[in-house]
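Input: a single structure, listed below in structure tokens.
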Amino acid sequence: MEPFDWKQKFDVSYTCLDSTDGFDRYHIENETGDGTITSCTVCPGLQAILLDFRLRRCDNALTLNKDVIDMGYCIDGRFECNVNRQYCYLASAGDFSLGFFGKQESHGIFPAGQYQGINIFLDEKQFRQSHAELLRELDIRMERIHALADRRFRCYVLRRSPELAAIETAIADGFRDKSLPRLRVKMMELLLFLSNLDDAATRERPAYLNKRHAALAETVHERLTADGFGHITVERLAAELGVGTTALKTSFKTVYGVPIYQYQKDLRLQKAQRLLRETTLPVSDVAAEVGYANPAKFSSAFKKRFGVSPTEYKKRQAESEEAE
């Protein structure tokens, strides 16, 4: 039986970078950015991929496939996808989703421009046939996992479970160490965890976001990034867009995970980090370039954000380049 083709999930160009020890690593790219996907077949009927994206958006043309359960775990970043014409689903770090492959609609958005996560594809028929005895021995109840996927809502969501996070962290480590035995053990642990969720956990519903609010947040993001590094008040943005300040702040924080003022500050500091890394400008000029009139305040904000002072950061980058 041919393994399920998980590549149809992402409408991107694939270039294989290497293939060793059962792990294939691809460079992926579309018009909004690039990234890497590392894939492996854990065992018959069970495939997994580790994602490291620097994309703004990723389209697809999926059709519903009730033979394959698609599980997703967000390690870092944020992910938004269609649920229906009115609502979208938003995932952030620590969120886990489960549904039939192709259940979500035609595109995904990564609001922060980056995303790290894990996707697991479970071909139920092949997996049951290949591992019937093991499923009995471990008491993994596949019918309960199937029921989670086959629900009225578009997907099942479990938010920030410490036990699940520990399993997913170990799965990510298995990818980084290229250890199929570790992945097999942890995948079985994941299936056992899902098949034994208590009733309260299985009743949890995803927090859907109205698409009008999501579109508002996207418009604010475009306005902030187009304005360079000047400070724009919430009141000014609200007046320009014809909305209330509360709706503006709530929509933006829901999609991007931080308040507008914090996001503006992060944009400035990320730009400063690039300038320190890629140019020979002195720290005082970098501070001025990103809107800080006071270099001392810039140094304090930079150290709080990145853990080192701008001077130390610049020095480390220079030493790293010399070592290469």
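As shown in the structure tokens, the chain order sets the letters A, B, ...; within each chain, residues go from 1, and ligands are also counted from 1 in the order they appear.
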
Surrounding residues of Leu17 in chain A excluding itself and chain neighbours under 6 positions, 9 Å, only C-alpha atoms, as a list of chain:residue names: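 Contacts, in chain order: A:Asp24, A:Arg25, A:Tyr26, A:His27.
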
Serialized selection, N, CA and C atoms, as an mmCIF file, in the first residue's frame:
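Output (selection20.cif):
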data_model
loop_
_atom_site.group_PDB
_atom_site.id
_atom_site.type_symbol
_atom_site.label_atom_id
_atom_site.label_comp_id
_atom_site.auth_asym_id
_atom_site.auth_seq_id
_atom_site.Cartn_x
_atom_site.Cartn_y
_atom_site.Cartn_z
ATOM 1 N N ASP A 24 13.827 12.898 5.486
ATOM 2 C CA ASP A 24 14.010 13.720 4.290
ATOM 3 C C ASP A 24 13.813 15.180 4.670
ATOM 4 N N ARG A 25 14.751 16.031 4.258
ATOM 5 C CA ARG A 25 14.645 17.457 4.570
ATOM 6 C C ARG A 25 14.507 18.241 3.276
ATOM 7 N N TYR A 26 13.475 19.100 3.237
ATOM 8 C CA TYR A 26 13.159 19.866 2.039
ATOM 9 C C TYR A 26 13.253 21.364 2.320
ATOM 10 N N HIS A 27 13.738 22.093 1.316
ATOM 11 C CA HIS A 27 13.569 23.544 1.313
ATOM 12 C C HIS A 27 12.269 23.826 0.578
#

All residues 12 Å or closer to Ile260 in chain A, only C-alpha atoms, same chain fewer than 2 positions away omitted, as a PyMOL selection string: chain A and resi 217-218+220-221+223-225+231-235+237-238+245-246+248-258+262-267

I need the strand (DSSP E) residues of range 42-174 of chain A per DSSP on the backbone, written as JSON, numbers by chain. {"A": [42, 43, 46, 47, 48, 49, 50, 51, 52, 53, 54, 57, 58, 59, 65, 66, 67, 68, 69, 70, 71, 72, 73, 74, 75, 76, 77, 78, 79, 80, 81, 82, 87, 88, 89, 90, 91, 92, 95, 96, 97, 98, 99, 100, 101, 107, 108, 109, 115, 116, 117, 118, 119, 120, 121, 122, 123, 156, 157, 158, 159]}

Taking the DSSP secondary structure from the backbone, can you list the residues of range 26-275 of chain A that are helix (DSSP H, G or I), as an NGL selection string? :A and (124-130 or 132-138 or 142-149 or 162-177 or 180-195 or 199-202 or 211-226 or 234-241 or 245-256 or 260-275)

Smallest atom-to-atom distance to Asp198 in chain A: which of A:Gly174, A:Phe121, A:Leu158, A:Ile28, using only C-alpha atoms? A:Leu158

Best match for closeness to Leu191 in chain A among A:Phe175, A:Phe302, A:Phe127, A:Phe110, counting only C-alpha atoms: A:Phe127

Long-range neighbours of Asn30 in chain A as a list in words, 8 Å cut-off, only C-alpha atoms, 6 positions minimum in chain: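 Counting only the stated atoms, we get Asp11, Val12, Ser13, Leu55 and Cys58 of chain A.
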
Residues within 8 Å of Val283 in chain A, please, as a PDB file with C-alpha atoms, in the first residue's frame. Count only C-alpha atoms; anything in the same chain fewer than 2 positions from it doesn't count.
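Wrote out.pdb, looks like this:
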ATOM      1  CA  LEU A 276      23.756  45.431  13.754  1.00  0.00           C
ATOM      2  CA  LEU A 281      26.796  51.316  11.511  1.00  0.00           C
ATOM      3  CA  ASP A 285      23.349  55.395  14.445  1.00  0.00           C
ATOM      4  CA  VAL A 286      21.353  52.157  14.598  1.00  0.00           C
ATOM      5  CA  ALA A 287      19.387  53.566  17.535  1.00  0.00           C
ATOM      6  CA  PRO A 295      20.967  55.491  22.745  1.00  0.00           C
ATOM      7  CA  PRO A 310      23.661  46.005  21.174  1.00  0.00           C
ATOM      8  CA  THR A 311      27.428  46.399  21.549  1.00  0.00           C
TER       9      THR A 311
END

Just to confirm, what's the straight-line distance from CA of Gln8 in chain A to CA of Leu190 in chain A in Å (one decimal)? 24.2 Å

Taking only C-alpha atoms into account, name the residue in A:Cys40, A:Ala91, A:Met188, A:Val68 that is nearest to Leu134 in chain A.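 Ranking A:Cys40, A:Ala91, A:Met188, A:Val68 by distance to Leu134 in chain A, first place goes to A:Met188.
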
When you draw a straight line from CA of Arg274 in chain A to CA of Pro259 in chain A, how long is it in Å?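 Atom-to-atom, CA of Arg274 in chain A to CA of Pro259 in chain A, that is 22.7 Å.
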
For the atom pair CA of Val42 in chain A and CA of Phe23 in chain A, what is the interatomic distance in Å to one decimal place?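 We find that CA of Val42 in chain A and CA of Phe23 in chain A lie 9.6 Å from each other.
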
Ranking A:Asp150, A:Glu240, A:Glu222, A:Asp67 by minimum distance to Ala112 in chain A and counting only C-alpha atoms, which one comes first? A:Glu222

Mind checking which residues fall within 12 Å of Gly77 in chain A, counting only C-alpha atoms, ignoring those fewer than 3 positions away in the same chain, and posting them as a list in words?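 The contact residues come out as Leu51, Asp52, Phe53, Arg54, Leu55, Arg56, Tyr73, Cys74, Glu80, Leu90, Ala91, Ser92, Ala93, Gly94, Asp95, Ile109, Phe110, Pro111, Ala112, Gly113, Gln114, Tyr115, Gln116, Gly117, Val255, Tyr256, Gly257 and Val258 of chain A.
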
At a cut-off of 12 Å, using only C-alpha atoms, what residues contact Ser179 in chain A? Leave out same-chain residues fewer than 2 positions from it and give the result as an MDAnalysis selection string. chainID A and resid 20:23 40:42 170:177 181:186

Shell of 6 Å around Phe100 in chain A, only C-alpha atoms, local chain residues under 5 positions omitted, as JSON, numbers by chain: {"A": [66, 68, 69, 70, 149]}

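Proximity ranking of A:Gln273, A:Ser130, A:Ser97, A:Ser284 relative to Arg160 in chain A places A:Ser97 first, based on only C-alpha atoms.
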